[in-house]
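work-v6.csv (CSV, C-alpha atoms)
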chain,number,residue,atom,x,y,z
W,1,MET,CA,21.8,64.7,129.0
W,2,THR,CA,19.6,66.5,131.5
W,3,VAL,CA,17.3,63.4,132.0
W,4,VAL,CA,20.2,61.2,132.7
W,5,ARG,CA,21.6,63.4,135.4
W,6,ARG,CA,18.2,63.8,137.1
W,7,TYR,CA,17.6,60.1,137.5
W,8,ALA,CA,21.2,58.9,138.0
W,9,PRO,CA,20.9,58.7,141.8
W,10,LEU,CA,17.7,56.6,141.4
W,11,PHE,CA,19.4,54.2,139.1
W,12,ALA,CA,22.2,53.8,141.6
W,13,VAL,CA,19.7,53.0,144.4
W,14,LEU,CA,17.9,50.5,142.2
W,15,ALA,CA,21.2,48.8,141.3
W,16,VAL,CA,22.0,48.3,145.0
W,17,VAL,CA,18.5,46.9,145.7
W,18,ALA,CA,18.8,44.6,142.8
W,19,ALA,CA,22.2,43.3,143.9
W,20,VAL,CA,20.8,42.5,147.4
W,21,VAL,CA,17.7,40.7,146.0
W,22,ALA,CA,19.8,38.7,143.5
W,23,GLY,CA,22.1,37.5,146.3
W,24,GLY,CA,24.9,39.9,145.6
W,25,PRO,CA,27.1,41.5,148.2
W,26,ALA,CA,25.3,43.8,150.7
W,27,PRO,CA,26.6,47.3,151.6
W,28,VAL,CA,29.4,47.2,154.2
W,29,ARG,CA,28.5,48.4,157.7
W,30,ALA,CA,30.7,49.2,160.7
W,31,ALA,CA,30.6,46.4,163.3
W,32,ALA,CA,29.0,47.3,166.6
W,33,PRO,CA,31.6,48.0,169.3
W,34,ASP,CA,32.2,45.5,172.0
W,35,VAL,CA,30.4,46.9,175.0
W,36,ALA,CA,31.2,44.0,177.3
W,37,GLY,CA,34.0,45.5,179.3
W,38,VAL,CA,35.1,47.1,182.6
W,39,GLU,CA,37.2,50.2,183.0
W,40,VAL,CA,38.6,51.2,186.3
W,41,GLN,CA,41.3,53.5,187.8
W,42,GLY,CA,44.2,52.4,189.9
W,43,VAL,CA,46.6,54.5,192.0
W,44,GLY,CA,50.1,53.7,193.0
W,45,THR,CA,52.5,55.7,195.1
W,46,ALA,CA,56.2,55.1,195.6
W,47,THR,CA,58.3,56.9,198.2
W,48,GLY,CA,61.9,57.8,198.0
W,49,THR,CA,64.6,60.0,199.6
W,50,PRO,CA,65.5,63.3,197.9
W,51,ASP,CA,69.1,63.5,196.7
W,52,VAL,CA,69.4,67.1,195.6
W,53,LEU,CA,68.5,70.5,197.2
W,54,HIS,CA,67.5,73.5,195.2
W,55,VAL,CA,68.0,76.9,196.8
W,56,THR,CA,67.7,80.5,195.5
W,57,VAL,CA,70.2,83.0,196.9
W,58,GLY,CA,69.4,86.6,195.9
W,59,VAL,CA,71.3,89.8,196.3
W,60,GLU,CA,69.8,93.3,196.4
W,61,ALA,CA,71.5,96.7,196.9
W,62,GLY,CA,70.4,100.3,196.8
W,63,ALA,CA,72.3,103.4,196.0
W,64,GLY,CA,71.8,107.0,194.8
W,65,THR,CA,72.8,106.3,191.2
W,66,VAL,CA,72.3,103.5,188.8
W,67,GLY,CA,76.0,102.8,188.5
W,68,ASP,CA,76.5,102.6,192.3
W,69,ALA,CA,73.4,100.3,192.7
W,70,LEU,CA,74.6,97.9,190.0
W,71,SER,CA,78.2,97.9,191.3
W,72,ALA,CA,77.0,97.1,194.9
W,73,ALA,CA,74.7,94.3,193.7
W,74,ASN,CA,77.3,92.8,191.3
W,75,ASP,CA,79.9,92.9,194.1
W,76,ALA,CA,77.6,91.0,196.5
W,77,ALA,CA,76.7,88.4,193.8
W,78,GLY,CA,80.4,87.9,193.0
W,79,LYS,CA,81.1,87.1,196.7
W,80,VAL,CA,78.2,84.7,196.8
W,81,LEU,CA,79.5,82.9,193.7
W,82,ASP,CA,83.0,82.7,195.1
W,83,ALA,CA,81.7,81.2,198.3
W,84,LEU,CA,79.7,78.6,196.4
W,85,ARG,CA,82.7,77.6,194.3
W,86,LYS,CA,84.9,77.3,197.4
W,87,ALA,CA,82.2,75.0,198.9
W,88,GLY,CA,82.5,72.7,195.9
W,89,VAL,CA,79.4,73.7,193.9
W,90,SER,CA,80.1,73.4,190.2
W,91,ASP,CA,79.4,76.3,187.8
W,92,GLY,CA,76.9,74.1,186.0
W,93,ASP,CA,74.7,74.0,189.1
W,94,VAL,CA,74.4,77.8,189.4
W,95,GLN,CA,72.2,79.8,187.2
W,96,THR,CA,71.6,83.6,187.2
W,97,ARG,CA,68.0,84.6,187.1
W,98,ASN,CA,65.8,87.7,187.7
W,99,VAL,CA,68.3,90.4,187.1
W,100,HIS,CA,66.6,93.7,188.0
W,101,LEU,CA,67.0,97.4,188.4
W,102,TYR,CA,64.3,99.9,189.3
W,103,PRO,CA,64.1,103.4,190.8
W,104,ARG,CA,63.1,104.3,194.3
W,105,TYR,CA,60.7,107.2,194.8
W,106,ASP,CA,60.0,109.6,197.6
W,107,GLY,CA,56.8,109.6,199.7
W,108,ASP,CA,54.8,111.3,197.1
W,109,GLY,CA,55.9,108.8,194.4
W,110,ARG,CA,57.1,111.5,192.0
W,111,ASP,CA,60.7,112.2,192.6
W,112,ILE,CA,63.4,109.5,192.2
W,113,THR,CA,65.6,109.2,195.3
W,114,GLY,CA,67.8,106.3,194.3
W,115,TYR,CA,67.9,102.9,192.6
W,116,THR,CA,67.8,99.3,193.7
W,117,ALA,CA,69.6,96.5,191.7
W,118,GLY,CA,69.8,92.8,192.3
W,119,GLN,CA,69.7,89.3,190.9
W,120,ASP,CA,68.9,85.7,192.0
W,121,LEU,CA,71.2,82.7,191.8
W,122,ALA,CA,69.4,79.4,191.5
W,123,VAL,CA,71.7,76.8,193.0
W,124,THR,CA,71.5,73.0,193.0
W,125,LEU,CA,73.3,71.3,195.9
W,126,ARG,CA,74.2,67.7,195.5
W,127,HIS,CA,76.1,67.1,198.7
W,128,LEU,CA,73.3,67.1,201.2
W,129,ASP,CA,75.4,66.4,204.3
W,130,THR,CA,77.0,69.8,203.9
W,131,ALA,CA,74.1,71.7,202.2
W,132,GLY,CA,73.2,73.6,205.3
W,133,ALA,CA,76.7,74.9,205.9
W,134,THR,CA,77.0,75.8,202.2
W,135,ILE,CA,73.8,77.9,202.3
W,136,SER,CA,74.9,79.7,205.4
W,137,THR,CA,78.3,80.4,203.9
W,138,ALA,CA,76.9,81.7,200.7
W,139,VAL,CA,74.4,84.0,202.4
W,140,ALA,CA,77.0,85.3,204.8
W,141,ALA,CA,79.3,86.1,201.9
W,142,GLY,CA,76.6,88.4,200.4
W,143,GLY,CA,76.3,90.3,203.7
W,144,ASP,CA,73.3,92.7,204.1
W,145,ALA,CA,72.6,92.5,200.4
W,146,ALA,CA,71.9,88.7,200.6
W,147,ARG,CA,68.4,87.2,200.4
W,148,LEU,CA,67.5,83.6,200.9
W,149,GLN,CA,64.3,83.1,199.0
W,150,GLY,CA,63.5,79.4,198.9
W,151,VAL,CA,64.7,75.9,199.6
W,152,ALA,CA,63.3,72.8,198.0
W,153,TYR,CA,64.3,69.1,198.0
W,154,GLU,CA,63.9,66.9,194.9
W,155,ILE,CA,64.8,63.5,193.6
W,156,ASP,CA,67.1,64.1,190.6
W,157,ASP,CA,66.2,60.9,188.8
W,158,ASP,CA,62.8,59.5,189.7
W,159,ALA,CA,62.6,56.8,187.0
W,160,ALA,CA,62.9,53.9,189.4
W,161,LEU,CA,60.2,55.4,191.7
W,162,ARG,CA,57.9,56.0,188.7
W,163,SER,CA,58.3,52.4,187.6
W,164,LYS,CA,57.4,51.1,191.0
W,165,ALA,CA,54.4,53.4,191.3
W,166,ARG,CA,53.3,52.2,187.9
W,167,GLU,CA,53.4,48.6,189.0
W,168,LEU,CA,51.4,49.4,192.1
W,169,ALA,CA,48.8,51.4,190.1
W,170,TYR,CA,48.2,48.6,187.7
W,171,ALA,CA,47.9,46.0,190.5
W,172,ASP,CA,45.3,48.3,192.1
W,173,ALA,CA,43.4,48.7,188.9
W,174,ARG,CA,43.4,44.9,188.3
W,175,ALA,CA,42.1,44.1,191.8
W,176,ARG,CA,39.2,46.5,191.3
W,177,ALA,CA,38.4,45.1,187.8
W,178,GLU,CA,38.4,41.5,189.1
W,179,GLN,CA,36.0,42.4,191.8
W,180,TYR,CA,33.6,44.1,189.3
W,181,ALA,CA,33.9,41.1,187.0
W,182,LYS,CA,33.0,38.7,189.8
W,183,LEU,CA,30.1,40.9,190.8
W,184,THR,CA,28.7,40.6,187.2
W,185,GLY,CA,29.4,36.9,187.0
W,186,ARG,CA,32.0,37.3,184.3
W,187,GLU,CA,35.8,36.9,184.0
W,188,LEU,CA,38.4,39.4,182.8
W,189,GLY,CA,39.5,39.2,179.2
W,190,ASP,CA,42.2,41.1,177.4
W,191,VAL,CA,43.4,44.6,178.2
W,192,VAL,CA,42.1,46.9,175.6
W,193,LEU,CA,43.0,50.3,177.0
W,194,VAL,CA,45.7,51.8,179.3
W,195,ARG,CA,46.0,55.5,180.1
W,196,GLU,CA,48.2,56.9,182.8
W,197,GLN,CA,48.8,60.1,184.6
W,198,VAL,CA,52.0,60.7,186.6
W,199,THR,CA,52.6,63.1,189.4
W,200,PRO,CA,56.3,63.5,189.4
W,201,ALA,CA,58.6,63.9,192.4
W,202,GLY,CA,58.7,67.7,192.2
W,203,PRO,CA,60.5,70.0,194.6
W,204,GLU,CA,59.3,69.8,198.2
W,205,PRO,CA,59.4,73.4,199.5
W,206,LEU,CA,61.0,74.3,202.8
W,207,ALA,CA,60.2,77.7,204.1
W,208,ALA,CA,63.2,79.9,204.3
W,209,ASP,CA,64.3,83.5,204.5
W,210,SER,CA,67.5,85.4,205.2
W,211,THR,CA,67.2,85.1,208.9
W,212,MET,CA,68.0,81.4,208.6
W,213,ALA,CA,71.6,82.3,207.7
W,214,THR,CA,73.7,82.4,210.9
W,215,ALA,CA,77.2,81.6,211.8
W,216,SER,CA,76.2,77.9,212.1
W,217,ALA,CA,74.8,75.7,209.4
W,218,VAL,CA,71.2,76.2,208.4
W,219,PRO,CA,69.2,73.3,210.0
W,220,ILE,CA,67.4,71.4,207.3
W,221,SER,CA,65.9,67.9,206.9
W,222,ARG,CA,65.4,66.1,203.6
W,223,GLY,CA,62.4,64.0,204.6
W,224,THR,CA,60.8,61.9,201.8
W,225,THR,CA,59.3,62.5,198.4
W,226,ASP,CA,56.4,60.7,196.7
W,227,VAL,CA,55.8,59.8,193.0
W,228,THR,CA,52.2,58.9,192.3
W,229,VAL,CA,50.8,57.2,189.2
W,230,ALA,CA,47.1,57.0,188.3
W,231,VAL,CA,46.2,54.6,185.6
W,232,GLU,CA,43.0,53.9,183.8
W,233,VAL,CA,42.7,50.3,182.4
W,234,ARG,CA,39.9,48.7,180.4
W,235,TRP,CA,39.5,45.0,180.2
W,236,SER,CA,37.1,43.0,178.0
W,237,LEU,CA,34.7,40.7,179.8
W,238,LYS,CA,34.2,37.1,178.9
Give the structure from the file, written as structure tokens.
Amino acid sequence: MTVVRRYAPLFAVLAVVAAVVAGGPAPVRAAAPDVAGVEVQGVGTATGTPDVLHVTVGVEAGAGTVGDALSAANDAAGKVLDALRKAGVSDGDVQTRNVHLYPRYDGDGRDITGYTAGQDLAVTLRHLDTAGATISTAVAAGGDAARLQGVAYEIDDDAALRSKARELAYADARARAEQYAKLTGRELGDVVLVREQVTPAGPEPLAADSTMATASAVPISRGTTDVTVAVEVRWSLK
């Protein structure tokens, strides 16, 4: 039994050699990859007009006790919410975030002198013609406790822009590939690889702070927003 195990691998090798010499089937090998190809990157950008505005309205109030600080902040937040509802903003477009409460200390940083409480309201405004007036009304309702922390435009549904950008990116990639094929004296064959990277139409920030809230509407301009697609495409060459 020991002799058989020792020479079994040798017998297997001899069997394969004998099969090849006798005209039997040779061992299977992986085919060499097709190296005749060209891979390029194309970029396409589509521009659209934002249709929603995101704004964060915060409130913050200080008092000597925790209860008084929370009560003042909650009262201010309630007034802001009421103003938003009266302006036609649905409850589904308002989200409470960053609720906070922390102590205030004296100059030495050891003794507590009071407390500060607050929260943020993330608001989506869909009626852009009146968005400036809505922002001013909401901040005014919060009084001295109100904070306007950020304004950003966005395209709510950028699917159409993304599709257009994808077409432009592919056309750009094909034009580049055709030039390379011509330079090498070849022609483009089939597409063997497509890989894309999308830069979505994210919020476009607009600098804002509480000083923007006056008796008149906050002056804002929606501008435009871009969606960019970068695509890598590989063609075979023939």
Residue nearest Tyr180 of chain W among W:Ser236, W:Asp129, W:Ala83, W:Leu121 (counting only C-alpha atoms): W:Ser236
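Candidate residues W:Val94, W:Ala171, W:Leu125, W:Val66 were compared for distance to Asp156 of chain W, and the nearest is W:Leu125, using only C-alpha atoms.
Between atom CA of Thr56 of chain W and atom CA of Gly223 of chain W the separation is 19.6 Å.
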Straight-line distance linking atom CA of Ala141 of chain W with atom CA of Glu154 of chain W, stated in Å to one decimal: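 Rounded to one decimal, the two atoms are 25.6 Å apart.
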Atomic distance atom CA of Glu232 of chain W - atom CA of Arg195 of chain W, expressed in Å with one decimal: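 These two atoms are separated by 5.0 Å.
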Nearest candidate to Arg234 of chain W (options W:Gly37, W:Pro50, W:Gly92, W:Pro219; using all atoms listed in the file):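 When distances to Arg234 of chain W are compared using all atoms listed in the file, the smallest one comes from W:Gly37.
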Compile a residue-level contact table for segment 31-139 of chain W against segment 149-153 of chain W at a cut-off of 8 Å, reporting for every qualifying residue the shortest atom pair and its distance in Å to one decimal, with all atoms listed in the file counted, rows ordered by chain and ascending number, as a Markdown table.
| residue | atom | partner | partner_atom | distance |
| --- | --- | --- | --- | --- |
| W:Pro50 | CA | W:Tyr153 | CA | 5.9 |
| W:Asp51 | CA | W:Tyr153 | CA | 7.5 |
| W:Val52 | CA | W:Tyr153 | CA | 6.0 |
| W:Leu53 | CA | W:Tyr153 | CA | 4.5 |
| W:His54 | CA | W:Ala152 | CA | 5.1 |
| W:Val55 | CA | W:Val151 | CA | 4.4 |
| W:Thr56 | CA | W:Gly150 | CA | 5.5 |
| W:Val57 | CA | W:Gln149 | CA | 6.3 |
| W:Gly58 | CA | W:Gln149 | CA | 6.9 |
Contact residues around Gly132 of chain W with all atoms listed in the file at 8 Å, ignoring same-chain residues under 4 positions, as a ChimeraX atom specification: /W:128,136,217-220
9 Å contact set for Gln95 of chain W, all atoms listed in the file, chain neighbours under 3 positions out, as a VMD selection string: chain W and resid 91 to 92 120 to 124
For the residues in that selection, give me C-alpha atoms as a PDB file, keeping the file's coordinate frame.
ATOM      1  CA  ASP W  91      79.400  76.300 187.800  1.00  0.00           C
ATOM      2  CA  GLY W  92      76.900  74.100 186.000  1.00  0.00           C
ATOM      3  CA  ASP W 120      68.900  85.700 192.000  1.00  0.00           C
ATOM      4  CA  LEU W 121      71.200  82.700 191.800  1.00  0.00           C
ATOM      5  CA  ALA W 122      69.400  79.400 191.500  1.00  0.00           C
ATOM      6  CA  VAL W 123      71.700  76.800 193.000  1.00  0.00           C
ATOM      7  CA  THR W 124      71.500  73.000 193.000  1.00  0.00           C
TER       8      THR W 124
END
Non-local contacts of Asp68 of chain W (10 Å; only C-alpha atoms; under 5 positions in same chain excluded) as a list in words: Ala61, Gly62, Ala63, Ala73, Asn74, Gly114, Tyr115, Thr116 and Ala117 of chain W
Anything within 10 Å of (33.6, 49.9, 184.3): list those residues as a PDB file with C-alpha atoms, keeping the file's coordinate frame, counting only C-alpha atoms and sticking to the file's coordinates.
ATOM      1  CA  ALA W  36      31.200  44.000 177.300  1.00  0.00           C
ATOM      2  CA  GLY W  37      34.000  45.500 179.300  1.00  0.00           C
ATOM      3  CA  VAL W  38      35.100  47.100 182.600  1.00  0.00           C
ATOM      4  CA  GLU W  39      37.200  50.200 183.000  1.00  0.00           C
ATOM      5  CA  VAL W  40      38.600  51.200 186.300  1.00  0.00           C
ATOM      6  CA  GLN W  41      41.300  53.500 187.800  1.00  0.00           C
ATOM      7  CA  ARG W 176      39.200  46.500 191.300  1.00  0.00           C
ATOM      8  CA  ALA W 177      38.400  45.100 187.800  1.00  0.00           C
ATOM      9  CA  TYR W 180      33.600  44.100 189.300  1.00  0.00           C
ATOM     10  CA  ALA W 181      33.900  41.100 187.000  1.00  0.00           C
ATOM     11  CA  VAL W 233      42.700  50.300 182.400  1.00  0.00           C
ATOM     12  CA  ARG W 234      39.900  48.700 180.400  1.00  0.00           C
ATOM     13  CA  TRP W 235      39.500  45.000 180.200  1.00  0.00           C
ATOM     14  CA  SER W 236      37.100  43.000 178.000  1.00  0.00           C
TER      15      SER W 236
END
Top pick for closest residue to Ala69 of chain W, considering W:Thr137, W:Thr47, W:Gln119, W:Ser90 and counting all atoms listed in the file: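 Once distances to Ala69 of chain W are computed over all atoms listed in the file, the minimum belongs to W:Gln119.
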Glu178 of chain W environment, 8 Å, all atoms listed in the file, sequence neighbours closer than 4 positions dropped, as a list in words: Arg174, Lys182, Glu187 and Leu188 of chain W
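Using all atoms listed in the file, the residues found no farther than 10 Å from Gly44 of chain W, other than those of its own chain fewer than 3 positions away, are Arg162, Ser163, Lys164, Ala165, Arg166, Glu167, Leu168, Ala169, Tyr170, Ala171, Asp172, Ala173, Val198, Val227, Thr228, Val229, Ala230 and Val231 of chain W.
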